[in-house]
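input.txt (compact mmCIF, N, CA and C atoms)
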# COMPACT_ATOMS: atom_id res chain seq x y z
N MET V 406 11.01 -23.20 30.66
CA MET V 406 10.75 -21.93 30.01
C MET V 406 9.27 -21.57 30.17
N SER V 407 9.03 -20.31 30.40
CA SER V 407 7.66 -19.82 30.57
C SER V 407 6.87 -19.92 29.28
N GLN V 408 5.58 -19.88 29.42
CA GLN V 408 4.70 -19.77 28.26
C GLN V 408 4.54 -18.30 27.95
N TYR V 409 4.90 -17.90 26.75
CA TYR V 409 4.77 -16.50 26.35
C TYR V 409 3.52 -16.34 25.51
N SER V 410 2.79 -15.26 25.77
CA SER V 410 1.57 -15.02 25.00
C SER V 410 1.67 -13.81 24.08
N HIS V 411 2.56 -12.86 24.39
CA HIS V 411 2.71 -11.68 23.54
C HIS V 411 4.19 -11.30 23.47
N ILE V 412 4.74 -11.41 22.27
CA ILE V 412 6.16 -11.15 22.03
C ILE V 412 6.30 -9.84 21.27
N LEU V 413 7.25 -9.02 21.70
CA LEU V 413 7.54 -7.77 21.03
C LEU V 413 8.92 -7.87 20.39
N LEU V 414 8.97 -7.77 19.07
CA LEU V 414 10.22 -7.76 18.32
C LEU V 414 10.68 -6.31 18.18
N ALA V 415 11.85 -6.00 18.71
CA ALA V 415 12.44 -4.67 18.55
C ALA V 415 13.31 -4.72 17.29
N ALA V 416 12.83 -4.11 16.23
CA ALA V 416 13.50 -4.18 14.94
C ALA V 416 14.32 -2.93 14.70
N ASP V 417 15.56 -3.12 14.26
CA ASP V 417 16.39 -1.95 13.94
C ASP V 417 16.74 -1.86 12.46
N PHE V 418 16.30 -2.81 11.67
CA PHE V 418 16.45 -2.80 10.21
C PHE V 418 17.89 -2.72 9.74
N ASN V 419 18.81 -3.31 10.49
CA ASN V 419 20.18 -3.38 10.00
C ASN V 419 20.37 -4.70 9.23
N GLN V 420 21.58 -4.95 8.77
CA GLN V 420 21.83 -6.12 7.94
C GLN V 420 21.56 -7.43 8.66
N GLU V 421 21.74 -7.44 9.96
CA GLU V 421 21.60 -8.69 10.72
C GLU V 421 20.19 -8.90 11.28
N SER V 422 19.27 -8.00 10.98
CA SER V 422 17.95 -8.07 11.62
C SER V 422 17.14 -9.29 11.21
N GLU V 423 17.47 -9.91 10.09
CA GLU V 423 16.74 -11.12 9.67
C GLU V 423 16.89 -12.24 10.70
N GLU V 424 18.08 -12.38 11.26
CA GLU V 424 18.34 -13.40 12.27
C GLU V 424 17.47 -13.19 13.52
N VAL V 425 17.36 -11.94 13.94
CA VAL V 425 16.56 -11.60 15.12
C VAL V 425 15.07 -11.81 14.81
N SER V 426 14.64 -11.39 13.64
CA SER V 426 13.24 -11.56 13.23
C SER V 426 12.86 -13.04 13.14
N ALA V 427 13.77 -13.84 12.61
CA ALA V 427 13.52 -15.29 12.50
C ALA V 427 13.37 -15.92 13.89
N ARG V 428 14.17 -15.46 14.83
CA ARG V 428 14.07 -15.99 16.20
C ARG V 428 12.74 -15.62 16.83
N ALA V 429 12.30 -14.38 16.63
CA ALA V 429 11.01 -13.94 17.17
C ALA V 429 9.87 -14.73 16.53
N ALA V 430 9.95 -14.96 15.22
CA ALA V 430 8.90 -15.72 14.53
C ALA V 430 8.85 -17.17 15.02
N ALA V 431 10.02 -17.75 15.27
CA ALA V 431 10.07 -19.13 15.77
C ALA V 431 9.45 -19.22 17.17
N LEU V 432 9.73 -18.24 18.01
CA LEU V 432 9.14 -18.22 19.35
C LEU V 432 7.63 -18.02 19.28
N LYS V 433 7.18 -17.16 18.37
CA LYS V 433 5.75 -16.95 18.17
C LYS V 433 5.08 -18.27 17.83
N ASP V 434 5.67 -19.03 16.92
CA ASP V 434 5.11 -20.32 16.52
C ASP V 434 5.17 -21.34 17.65
N THR V 435 6.29 -21.38 18.36
CA THR V 435 6.46 -22.34 19.45
C THR V 435 5.40 -22.16 20.53
N PHE V 436 5.12 -20.90 20.86
CA PHE V 436 4.19 -20.62 21.95
C PHE V 436 2.80 -20.22 21.48
N SER V 437 2.56 -20.27 20.18
CA SER V 437 1.28 -19.79 19.62
C SER V 437 0.96 -18.41 20.19
N ALA V 438 1.96 -17.55 20.17
CA ALA V 438 1.87 -16.23 20.79
C ALA V 438 1.50 -15.17 19.75
N THR V 439 1.08 -14.04 20.25
CA THR V 439 0.86 -12.85 19.44
C THR V 439 2.23 -12.20 19.25
N LEU V 440 2.49 -11.71 18.05
CA LEU V 440 3.76 -11.02 17.77
C LEU V 440 3.47 -9.58 17.38
N SER V 441 4.18 -8.66 18.00
CA SER V 441 4.13 -7.25 17.65
C SER V 441 5.55 -6.81 17.30
N ILE V 442 5.65 -5.71 16.56
CA ILE V 442 6.96 -5.19 16.15
C ILE V 442 7.04 -3.72 16.53
N ILE V 443 8.20 -3.32 17.04
CA ILE V 443 8.46 -1.91 17.30
C ILE V 443 9.75 -1.50 16.63
N HIS V 444 9.74 -0.31 16.08
CA HIS V 444 10.97 0.33 15.59
C HIS V 444 10.96 1.74 16.15
N VAL V 445 12.09 2.17 16.67
CA VAL V 445 12.17 3.50 17.28
C VAL V 445 13.15 4.37 16.50
N LEU V 446 12.67 5.55 16.13
CA LEU V 446 13.51 6.57 15.52
C LEU V 446 13.94 7.50 16.63
N GLU V 447 15.24 7.66 16.78
CA GLU V 447 15.72 8.62 17.78
C GLU V 447 15.64 10.01 17.18
N PRO V 448 15.32 11.02 17.98
CA PRO V 448 15.23 12.39 17.46
C PRO V 448 16.57 12.83 16.87
N ILE V 449 16.49 13.57 15.80
CA ILE V 449 17.70 14.09 15.19
C ILE V 449 18.13 15.29 16.01
N SER V 450 19.28 15.16 16.64
CA SER V 450 19.73 16.24 17.51
C SER V 450 21.12 16.71 17.10
N ILE V 451 21.28 16.90 15.81
CA ILE V 451 22.57 17.36 15.30
C ILE V 451 22.58 18.88 15.40
N ALA V 452 23.60 19.41 16.03
CA ALA V 452 23.70 20.87 16.15
C ALA V 452 24.82 21.36 15.23
N TYR V 453 24.48 22.31 14.41
CA TYR V 453 25.46 22.93 13.53
C TYR V 453 25.82 24.29 14.09
N GLY V 454 27.10 24.60 14.08
CA GLY V 454 27.55 25.91 14.53
C GLY V 454 27.33 26.94 13.43
N GLY V 455 27.51 28.18 13.77
CA GLY V 455 27.39 29.24 12.77
C GLY V 455 26.04 29.92 12.84
N GLU V 456 25.85 30.81 11.91
CA GLU V 456 24.65 31.63 11.91
C GLU V 456 23.49 31.02 11.15
N PHE V 457 23.73 29.97 10.40
CA PHE V 457 22.69 29.43 9.53
C PHE V 457 22.01 28.23 10.19
N PRO V 458 20.80 28.39 10.68
CA PRO V 458 20.09 27.24 11.26
C PRO V 458 19.73 26.26 10.16
N VAL V 459 19.80 25.00 10.48
CA VAL V 459 19.48 23.95 9.53
C VAL V 459 18.16 23.32 9.93
N ASP V 460 17.23 23.29 9.02
CA ASP V 460 15.93 22.66 9.28
C ASP V 460 16.06 21.16 9.02
N LEU V 461 15.99 20.39 10.07
CA LEU V 461 16.12 18.94 9.94
C LEU V 461 14.77 18.25 9.81
N GLY V 462 13.70 19.03 9.74
CA GLY V 462 12.35 18.47 9.64
C GLY V 462 12.16 17.60 8.42
N ASP V 463 12.66 18.04 7.27
CA ASP V 463 12.51 17.24 6.05
C ASP V 463 13.28 15.93 6.15
N LEU V 464 14.47 15.99 6.72
CA LEU V 464 15.26 14.77 6.90
C LEU V 464 14.54 13.79 7.81
N HIS V 465 13.99 14.31 8.91
CA HIS V 465 13.26 13.44 9.83
C HIS V 465 12.04 12.81 9.15
N LYS V 466 11.32 13.61 8.36
CA LYS V 466 10.15 13.07 7.64
C LYS V 466 10.55 11.96 6.69
N GLU V 467 11.68 12.13 6.01
CA GLU V 467 12.16 11.10 5.07
C GLU V 467 12.56 9.83 5.82
N LEU V 468 13.25 9.99 6.94
CA LEU V 468 13.63 8.83 7.76
C LEU V 468 12.39 8.10 8.28
N GLU V 469 11.40 8.87 8.68
CA GLU V 469 10.16 8.28 9.18
C GLU V 469 9.43 7.52 8.07
N LYS V 470 9.42 8.10 6.88
CA LYS V 470 8.79 7.44 5.73
C LYS V 470 9.48 6.12 5.39
N GLN V 471 10.81 6.12 5.40
CA GLN V 471 11.56 4.90 5.13
C GLN V 471 11.31 3.85 6.21
N ALA V 472 11.28 4.28 7.47
CA ALA V 472 11.05 3.35 8.57
C ALA V 472 9.65 2.75 8.49
N GLU V 473 8.65 3.57 8.13
CA GLU V 473 7.28 3.06 7.97
C GLU V 473 7.24 1.98 6.90
N SER V 474 7.92 2.22 5.80
CA SER V 474 7.96 1.26 4.70
C SER V 474 8.61 -0.06 5.14
N GLN V 475 9.74 0.05 5.83
CA GLN V 475 10.44 -1.15 6.30
C GLN V 475 9.60 -1.90 7.34
N LEU V 476 8.92 -1.17 8.20
CA LEU V 476 8.08 -1.79 9.22
C LEU V 476 6.92 -2.54 8.57
N LYS V 477 6.29 -1.93 7.58
CA LYS V 477 5.19 -2.59 6.86
C LYS V 477 5.68 -3.85 6.16
N GLU V 478 6.85 -3.77 5.54
CA GLU V 478 7.42 -4.93 4.84
C GLU V 478 7.71 -6.07 5.81
N LEU V 479 8.34 -5.76 6.93
CA LEU V 479 8.64 -6.78 7.93
C LEU V 479 7.34 -7.35 8.51
N GLY V 480 6.38 -6.48 8.77
CA GLY V 480 5.09 -6.94 9.28
C GLY V 480 4.42 -7.91 8.32
N ALA V 481 4.48 -7.62 7.03
CA ALA V 481 3.90 -8.52 6.02
C ALA V 481 4.64 -9.85 6.00
N GLN V 482 5.97 -9.82 6.10
CA GLN V 482 6.76 -11.05 6.10
C GLN V 482 6.43 -11.94 7.30
N LEU V 483 6.19 -11.31 8.45
CA LEU V 483 5.96 -12.07 9.69
C LEU V 483 4.48 -12.26 10.02
N GLY V 484 3.61 -11.73 9.17
CA GLY V 484 2.18 -11.86 9.43
C GLY V 484 1.70 -11.03 10.61
N VAL V 485 2.31 -9.87 10.81
CA VAL V 485 1.93 -8.98 11.90
C VAL V 485 1.07 -7.87 11.31
N PRO V 486 -0.18 -7.75 11.75
CA PRO V 486 -1.07 -6.73 11.19
C PRO V 486 -0.62 -5.31 11.58
N PRO V 487 -1.02 -4.31 10.79
CA PRO V 487 -0.60 -2.93 11.05
C PRO V 487 -0.90 -2.43 12.46
N GLU V 488 -1.97 -2.89 13.07
CA GLU V 488 -2.31 -2.41 14.41
C GLU V 488 -1.34 -2.91 15.48
N ARG V 489 -0.45 -3.84 15.14
CA ARG V 489 0.58 -4.30 16.07
C ARG V 489 1.98 -3.97 15.56
N GLN V 490 2.06 -2.97 14.70
CA GLN V 490 3.33 -2.44 14.21
C GLN V 490 3.48 -1.03 14.77
N TYR V 491 4.51 -0.83 15.58
CA TYR V 491 4.66 0.45 16.28
C TYR V 491 5.92 1.17 15.82
N LEU V 492 5.73 2.35 15.26
CA LEU V 492 6.83 3.23 14.91
C LEU V 492 6.80 4.38 15.90
N GLU V 493 7.83 4.46 16.73
CA GLU V 493 7.87 5.45 17.80
C GLU V 493 9.06 6.37 17.61
N VAL V 494 8.99 7.56 18.17
CA VAL V 494 10.09 8.50 18.15
C VAL V 494 10.47 8.78 19.60
N GLY V 495 11.74 8.61 19.91
CA GLY V 495 12.19 8.86 21.28
C GLY V 495 13.48 8.12 21.56
N ILE V 496 13.77 7.96 22.82
CA ILE V 496 14.96 7.21 23.23
C ILE V 496 14.61 5.73 23.11
N THR V 497 15.39 5.01 22.32
CA THR V 497 15.04 3.66 21.91
C THR V 497 14.66 2.75 23.07
N GLU V 498 15.52 2.62 24.07
CA GLU V 498 15.22 1.68 25.15
C GLU V 498 13.97 2.09 25.93
N LYS V 499 13.76 3.37 26.12
CA LYS V 499 12.58 3.83 26.85
C LYS V 499 11.30 3.54 26.08
N GLU V 500 11.33 3.74 24.76
CA GLU V 500 10.15 3.48 23.95
C GLU V 500 9.83 1.99 23.87
N ILE V 501 10.86 1.16 23.77
CA ILE V 501 10.64 -0.29 23.75
C ILE V 501 9.98 -0.73 25.05
N LEU V 502 10.51 -0.26 26.16
CA LEU V 502 9.95 -0.64 27.47
C LEU V 502 8.54 -0.08 27.66
N ARG V 503 8.31 1.16 27.23
CA ARG V 503 6.98 1.77 27.37
C ARG V 503 5.93 1.00 26.57
N VAL V 504 6.22 0.74 25.31
CA VAL V 504 5.27 0.02 24.47
C VAL V 504 5.07 -1.40 24.99
N GLY V 505 6.14 -2.04 25.41
CA GLY V 505 6.02 -3.38 25.98
C GLY V 505 5.08 -3.42 27.17
N LYS V 506 5.18 -2.43 28.03
CA LYS V 506 4.32 -2.37 29.21
C LYS V 506 2.87 -2.04 28.81
N GLU V 507 2.70 -1.04 27.94
CA GLU V 507 1.35 -0.64 27.53
C GLU V 507 0.60 -1.75 26.80
N LYS V 508 1.32 -2.57 26.05
CA LYS V 508 0.69 -3.61 25.23
C LYS V 508 0.71 -4.97 25.93
N HIS V 509 1.11 -5.00 27.19
CA HIS V 509 1.11 -6.22 28.00
C HIS V 509 1.94 -7.34 27.36
N VAL V 510 3.12 -6.97 26.92
CA VAL V 510 4.06 -7.91 26.33
C VAL V 510 4.71 -8.71 27.46
N ASP V 511 5.02 -9.99 27.20
CA ASP V 511 5.73 -10.75 28.22
C ASP V 511 7.10 -11.24 27.77
N LEU V 512 7.51 -10.88 26.55
CA LEU V 512 8.87 -11.17 26.07
C LEU V 512 9.25 -10.14 25.01
N ILE V 513 10.43 -9.56 25.19
CA ILE V 513 11.00 -8.66 24.18
C ILE V 513 12.14 -9.41 23.51
N VAL V 514 12.16 -9.39 22.18
CA VAL V 514 13.24 -10.03 21.41
C VAL V 514 13.97 -8.92 20.66
N MET V 515 15.29 -8.88 20.84
CA MET V 515 16.08 -7.84 20.17
C MET V 515 17.48 -8.35 19.90
N GLY V 516 18.18 -7.66 19.03
CA GLY V 516 19.55 -8.03 18.70
C GLY V 516 20.53 -7.43 19.69
N SER V 517 21.67 -8.12 19.85
CA SER V 517 22.74 -7.63 20.70
C SER V 517 24.06 -7.87 19.97
N HIS V 518 24.87 -6.84 19.91
CA HIS V 518 26.14 -6.96 19.19
C HIS V 518 27.28 -7.41 20.09
N GLY V 519 27.02 -7.59 21.39
CA GLY V 519 28.06 -8.07 22.30
C GLY V 519 29.29 -7.17 22.30
N ARG V 520 29.08 -5.89 22.47
CA ARG V 520 30.18 -4.93 22.42
C ARG V 520 31.15 -5.14 23.59
N HIS V 521 32.35 -4.68 23.36
CA HIS V 521 33.40 -4.78 24.37
C HIS V 521 34.08 -3.42 24.49
N GLY V 522 34.92 -3.27 25.49
CA GLY V 522 35.72 -2.06 25.63
C GLY V 522 34.87 -0.83 25.88
N LEU V 523 35.18 0.25 25.16
CA LEU V 523 34.52 1.53 25.36
C LEU V 523 33.02 1.44 25.11
N ALA V 524 32.61 0.71 24.06
CA ALA V 524 31.18 0.58 23.77
C ALA V 524 30.46 -0.10 24.92
N LEU V 525 31.13 -1.04 25.57
CA LEU V 525 30.52 -1.72 26.72
C LEU V 525 30.34 -0.74 27.88
N LEU V 526 31.35 0.11 28.12
CA LEU V 526 31.24 1.09 29.20
C LEU V 526 30.14 2.10 28.94
N LEU V 527 29.96 2.49 27.68
CA LEU V 527 28.94 3.46 27.34
C LEU V 527 27.54 2.84 27.33
N GLY V 528 27.48 1.54 27.25
CA GLY V 528 26.19 0.86 27.25
C GLY V 528 25.64 0.70 25.85
N SER V 529 24.56 -0.03 25.75
CA SER V 529 23.90 -0.25 24.47
C SER V 529 22.41 -0.34 24.73
N THR V 530 21.66 -0.29 23.65
CA THR V 530 20.21 -0.39 23.78
C THR V 530 19.82 -1.71 24.43
N ALA V 531 20.39 -2.82 23.94
CA ALA V 531 20.06 -4.13 24.50
C ALA V 531 20.37 -4.19 25.99
N ASN V 532 21.52 -3.66 26.37
CA ASN V 532 21.93 -3.65 27.77
C ASN V 532 20.94 -2.85 28.62
N ALA V 533 20.55 -1.68 28.12
CA ALA V 533 19.61 -0.83 28.86
C ALA V 533 18.25 -1.52 29.01
N VAL V 534 17.78 -2.16 27.95
CA VAL V 534 16.49 -2.85 28.03
C VAL V 534 16.59 -4.03 29.00
N LEU V 535 17.68 -4.81 28.89
CA LEU V 535 17.87 -5.95 29.80
C LEU V 535 17.84 -5.53 31.26
N HIS V 536 18.47 -4.41 31.58
CA HIS V 536 18.57 -4.00 32.97
C HIS V 536 17.35 -3.28 33.51
N HIS V 537 16.48 -2.79 32.65
CA HIS V 537 15.32 -2.04 33.13
C HIS V 537 13.98 -2.73 32.88
N ALA V 538 14.00 -3.82 32.13
CA ALA V 538 12.74 -4.51 31.82
C ALA V 538 12.22 -5.26 33.04
N GLU V 539 10.91 -5.27 33.16
CA GLU V 539 10.26 -6.04 34.22
C GLU V 539 9.77 -7.38 33.67
N ILE V 540 10.06 -7.64 32.40
CA ILE V 540 9.67 -8.88 31.75
C ILE V 540 10.91 -9.52 31.14
N ASP V 541 10.75 -10.70 30.58
CA ASP V 541 11.88 -11.39 29.96
C ASP V 541 12.32 -10.68 28.69
N VAL V 542 13.63 -10.72 28.45
CA VAL V 542 14.22 -10.14 27.25
C VAL V 542 15.16 -11.19 26.66
N LEU V 543 14.97 -11.45 25.37
CA LEU V 543 15.89 -12.33 24.67
C LEU V 543 16.78 -11.46 23.80
N ALA V 544 18.06 -11.41 24.13
CA ALA V 544 19.02 -10.64 23.35
C ALA V 544 19.70 -11.64 22.41
N VAL V 545 19.34 -11.59 21.14
CA VAL V 545 19.89 -12.50 20.14
C VAL V 545 21.27 -11.97 19.76
N ARG V 546 22.29 -12.79 19.98
CA ARG V 546 23.66 -12.37 19.70
C ARG V 546 23.86 -12.27 18.20
N ILE V 547 24.29 -11.09 17.76
CA ILE V 547 24.58 -10.84 16.36
C ILE V 547 26.07 -11.08 16.15
N LYS V 548 26.38 -12.02 15.29
CA LYS V 548 27.78 -12.33 15.02
C LYS V 548 28.35 -11.31 14.04
N LYS V 549 29.59 -10.94 14.27
CA LYS V 549 30.25 -9.98 13.37
C LYS V 549 30.44 -10.60 12.01
N SER V 550 30.22 -9.80 10.97
CA SER V 550 30.49 -10.25 9.61
C SER V 550 31.98 -10.35 9.40
N LYS V 551 32.40 -11.38 8.66
CA LYS V 551 33.83 -11.57 8.44
C LYS V 551 34.27 -10.91 7.17

Turn the structure described in the file into structure tokens.
Amino acid sequence: MSQYSHILLAADFNQESEEVSARAAALKDTFSATLSIIHVLEPISIAYGGEFPVDLGDLHKELEKQAESQLKELGAQLGVPPERQYLEVGITEKEILRVGKEKHVDLIVMGSHGRHGLALLLGSTANAVLHHAEIDVLAVRIKKSK
């Protein structure tokens, strides 16, 4: 296994994210690496029919506020300073790859739900990152809750 010096944890703040975060923290300790965290908010692109336009700006601001809070909390738990906590808006896989490249990351750690059937055909964030990354990606398998 390579020596990693900068690990990027792609956090999605779902119920299983503790397992992925723990794996990233363990790798950070194993390699005495720098750990950064990214969370990506996808743009709200809900279109409502009819004559009444809906302003989604307030909803987006609230989602961003919640994500900032969760990112700060996770950063505090993992000992990641604010300057290495990235909250981005855009297409998740593209933002993860962009930040990884800009920050000279050599390992991305993220969760993977191991989808099958239609979800597999449509792809997933983990799949997109795995296939487009120029660096190593650890996709931590998330087991289904029983």

DSSP-assigned helix (DSSP H, G or I) among chain V, expressed as a PyMOL selection string: chain V and resi 422-436+462-483+487-489+497-507+523-527+530-537

Strand (DSSP E) residues, from DSSP on the backbone, in stretch 460-511 of chain V, as JSON, numbers by chain: {"V": [490, 491, 492, 493, 494]}

From V:Gln490, V:Met515, V:Thr530, V:Glu447, residue lying nearest V:Val545 [only C-alpha atoms]: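 Of the candidates, the smallest distance to V:Val545 is held by V:Met515.
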
Shell around V:His411 at 8 Å using only C-alpha atoms, local window under 2 positions removed, as a ChimeraX atom specification: /V:409,413,438-441,509-512

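Shell of V:Ala531 at 8 Å, with all atoms listed in the file counted and residues fewer than 2 places along the chain excluded, is Glu498, Met515, Gly516, Ser517, His518, Gly528, Ser529, Ala533, Val534, Leu535, His536, His537 and Ala544 of chain V.
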
Pairwise distance for atom CA of V:Ile540 and atom CA of V:Gly505, rounded to one decimal in Å: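 Rounded to one decimal, the two atoms are 8.8 Å apart.
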
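In this structure, atom CA of V:Lys499 sits 16.4 Å away from atom CA of V:Ile449.
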
Atom C of V:Tyr491 to atom CA of V:Glu421, straight-line distance in Å: 19.2 Å

Residue with smallest distance to V:Glu469 - pool V:Leu483, V:Ala538, V:Glu488, V:His444, counting only C-alpha atoms: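 Checking each of V:Leu483, V:Ala538, V:Glu488, V:His444 against V:Glu469, counting only C-alpha atoms, the winner is V:His444.
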
Distance query 12 Å from (10.6, 7.1, 16.7) using only C-alpha atoms, result as a PDB file with N, CA and C atoms, in the frame of the given file:
ATOM      1  N   ALA V 416      12.830  -4.110  16.230  1.00  0.00           N
ATOM      2  CA  ALA V 416      13.500  -4.180  14.940  1.00  0.00           C
ATOM      3  C   ALA V 416      14.320  -2.930  14.700  1.00  0.00           C
ATOM      4  N   ASP V 417      15.560  -3.120  14.260  1.00  0.00           N
ATOM      5  CA  ASP V 417      16.390  -1.950  13.940  1.00  0.00           C
ATOM      6  C   ASP V 417      16.740  -1.860  12.460  1.00  0.00           C
ATOM      7  N   ILE V 443       8.200  -3.320  17.040  1.00  0.00           N
ATOM      8  CA  ILE V 443       8.460  -1.910  17.300  1.00  0.00           C
ATOM      9  C   ILE V 443       9.750  -1.500  16.630  1.00  0.00           C
ATOM     10  N   HIS V 444       9.740  -0.310  16.080  1.00  0.00           N
ATOM     11  CA  HIS V 444      10.970   0.330  15.590  1.00  0.00           C
ATOM     12  C   HIS V 444      10.960   1.740  16.150  1.00  0.00           C
ATOM     13  N   VAL V 445      12.090   2.170  16.670  1.00  0.00           N
ATOM     14  CA  VAL V 445      12.170   3.500  17.280  1.00  0.00           C
ATOM     15  C   VAL V 445      13.150   4.370  16.500  1.00  0.00           C
ATOM     16  N   LEU V 446      12.670   5.550  16.130  1.00  0.00           N
ATOM     17  CA  LEU V 446      13.510   6.570  15.520  1.00  0.00           C
ATOM     18  C   LEU V 446      13.940   7.500  16.630  1.00  0.00           C
ATOM     19  N   GLU V 447      15.240   7.660  16.780  1.00  0.00           N
ATOM     20  CA  GLU V 447      15.720   8.620  17.780  1.00  0.00           C
ATOM     21  C   GLU V 447      15.640  10.010  17.180  1.00  0.00           C
ATOM     22  N   PRO V 448      15.320  11.020  17.980  1.00  0.00           N
ATOM     23  CA  PRO V 448      15.230  12.390  17.460  1.00  0.00           C
ATOM     24  C   PRO V 448      16.570  12.830  16.870  1.00  0.00           C
ATOM     25  N   ILE V 449      16.490  13.570  15.800  1.00  0.00           N
ATOM     26  CA  ILE V 449      17.700  14.090  15.190  1.00  0.00           C
ATOM     27  C   ILE V 449      18.130  15.290  16.010  1.00  0.00           C
ATOM     28  N   HIS V 465      13.990  14.310   8.910  1.00  0.00           N
ATOM     29  CA  HIS V 465      13.260  13.440   9.830  1.00  0.00           C
ATOM     30  C   HIS V 465      12.040  12.810   9.150  1.00  0.00           C
ATOM     31  N   LYS V 466      11.320  13.610   8.360  1.00  0.00           N
ATOM     32  CA  LYS V 466      10.150  13.070   7.640  1.00  0.00           C
ATOM     33  C   LYS V 466      10.550  11.960   6.690  1.00  0.00           C
ATOM     34  N   LEU V 468      13.250   9.990   6.940  1.00  0.00           N
ATOM     35  CA  LEU V 468      13.630   8.830   7.760  1.00  0.00           C
ATOM     36  C   LEU V 468      12.390   8.100   8.280  1.00  0.00           C
ATOM     37  N   GLU V 469      11.400   8.870   8.680  1.00  0.00           N
ATOM     38  CA  GLU V 469      10.160   8.280   9.180  1.00  0.00           C
ATOM     39  C   GLU V 469       9.430   7.520   8.070  1.00  0.00           C
ATOM     40  N   LYS V 470       9.420   8.100   6.880  1.00  0.00           N
ATOM     41  CA  LYS V 470       8.790   7.440   5.730  1.00  0.00           C
ATOM     42  C   LYS V 470       9.480   6.120   5.390  1.00  0.00           C
ATOM     43  N   GLN V 471      10.810   6.120   5.400  1.00  0.00           N
ATOM     44  CA  GLN V 471      11.560   4.900   5.130  1.00  0.00           C
ATOM     45  C   GLN V 471      11.310   3.850   6.210  1.00  0.00           C
ATOM     46  N   ALA V 472      11.280   4.280   7.470  1.00  0.00           N
ATOM     47  CA  ALA V 472      11.050   3.350   8.570  1.00  0.00           C
ATOM     48  C   ALA V 472       9.650   2.750   8.490  1.00  0.00           C
ATOM     49  N   GLU V 473       8.650   3.570   8.130  1.00  0.00           N
ATOM     50  CA  GLU V 473       7.280   3.060   7.970  1.00  0.00           C
ATOM     51  C   GLU V 473       7.240   1.980   6.900  1.00  0.00           C
ATOM     52  N   LEU V 476       8.920  -1.170   8.200  1.00  0.00           N
ATOM     53  CA  LEU V 476       8.080  -1.790   9.220  1.00  0.00           C
ATOM     54  C   LEU V 476       6.920  -2.540   8.570  1.00  0.00           C
ATOM     55  N   TYR V 491       4.510  -0.830  15.580  1.00  0.00           N
ATOM     56  CA  TYR V 491       4.660   0.450  16.280  1.00  0.00           C
ATOM     57  C   TYR V 491       5.920   1.170  15.820  1.00  0.00           C
ATOM     58  N   LEU V 492       5.730   2.350  15.260  1.00  0.00           N
ATOM     59  CA  LEU V 492       6.830   3.230  14.910  1.00  0.00           C
ATOM     60  C   LEU V 492       6.800   4.380  15.900  1.00  0.00           C
ATOM     61  N   GLU V 493       7.830   4.460  16.730  1.00  0.00           N
ATOM     62  CA  GLU V 493       7.870   5.450  17.800  1.00  0.00           C
ATOM     63  C   GLU V 493       9.060   6.370  17.610  1.00  0.00           C
ATOM     64  N   VAL V 494       8.990   7.560  18.170  1.00  0.00           N
ATOM     65  CA  VAL V 494      10.090   8.500  18.150  1.00  0.00           C
ATOM     66  C   VAL V 494      10.470   8.780  19.600  1.00  0.00           C
ATOM     67  N   GLY V 495      11.740   8.610  19.910  1.00  0.00           N
ATOM     68  CA  GLY V 495      12.190   8.860  21.280  1.00  0.00           C
ATOM     69  C   GLY V 495      13.480   8.120  21.560  1.00  0.00           C
ATOM     70  N   ILE V 496      13.770   7.960  22.820  1.00  0.00           N
ATOM     71  CA  ILE V 496      14.960   7.210  23.230  1.00  0.00           C
ATOM     72  C   ILE V 496      14.610   5.730  23.110  1.00  0.00           C
ATOM     73  N   THR V 497      15.390   5.010  22.320  1.00  0.00           N
ATOM     74  CA  THR V 497      15.040   3.660  21.910  1.00  0.00           C
ATOM     75  C   THR V 497      14.660   2.750  23.070  1.00  0.00           C
ATOM     76  N   GLU V 498      15.520   2.620  24.070  1.00  0.00           N
ATOM     77  CA  GLU V 498      15.220   1.680  25.150  1.00  0.00           C
ATOM     78  C   GLU V 498      13.970   2.090  25.930  1.00  0.00           C
ATOM     79  N   LYS V 499      13.760   3.370  26.120  1.00  0.00           N
ATOM     80  CA  LYS V 499      12.580   3.830  26.850  1.00  0.00           C
ATOM     81  C   LYS V 499      11.300   3.540  26.080  1.00  0.00           C
ATOM     82  N   GLU V 500      11.330   3.740  24.760  1.00  0.00           N
ATOM     83  CA  GLU V 500      10.150   3.480  23.950  1.00  0.00           C
ATOM     84  C   GLU V 500       9.830   1.990  23.870  1.00  0.00           C
ATOM     85  N   ILE V 501      10.860   1.160  23.770  1.00  0.00           N
ATOM     86  CA  ILE V 501      10.640  -0.290  23.750  1.00  0.00           C
ATOM     87  C   ILE V 501       9.980  -0.730  25.050  1.00  0.00           C
ATOM     88  N   VAL V 504       6.220   0.740  25.310  1.00  0.00           N
ATOM     89  CA  VAL V 504       5.270   0.020  24.470  1.00  0.00           C
ATOM     90  C   VAL V 504       5.070  -1.400  24.990  1.00  0.00           C
TER      91      VAL V 504
END

Top pick for closest residue to V:Ala427, considering V:Leu414, V:Glu507, V:Lys477, V:Lys548 and counting only C-alpha atoms: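 Of the candidates, the smallest distance to V:Ala427 is held by V:Leu414.
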
Shell of 9 Å around V:Gly480, only C-alpha atoms, local chain residues under 4 positions omitted, as a PyMOL selection string: chain V and resi 441-442+475-476+484-487+489-490
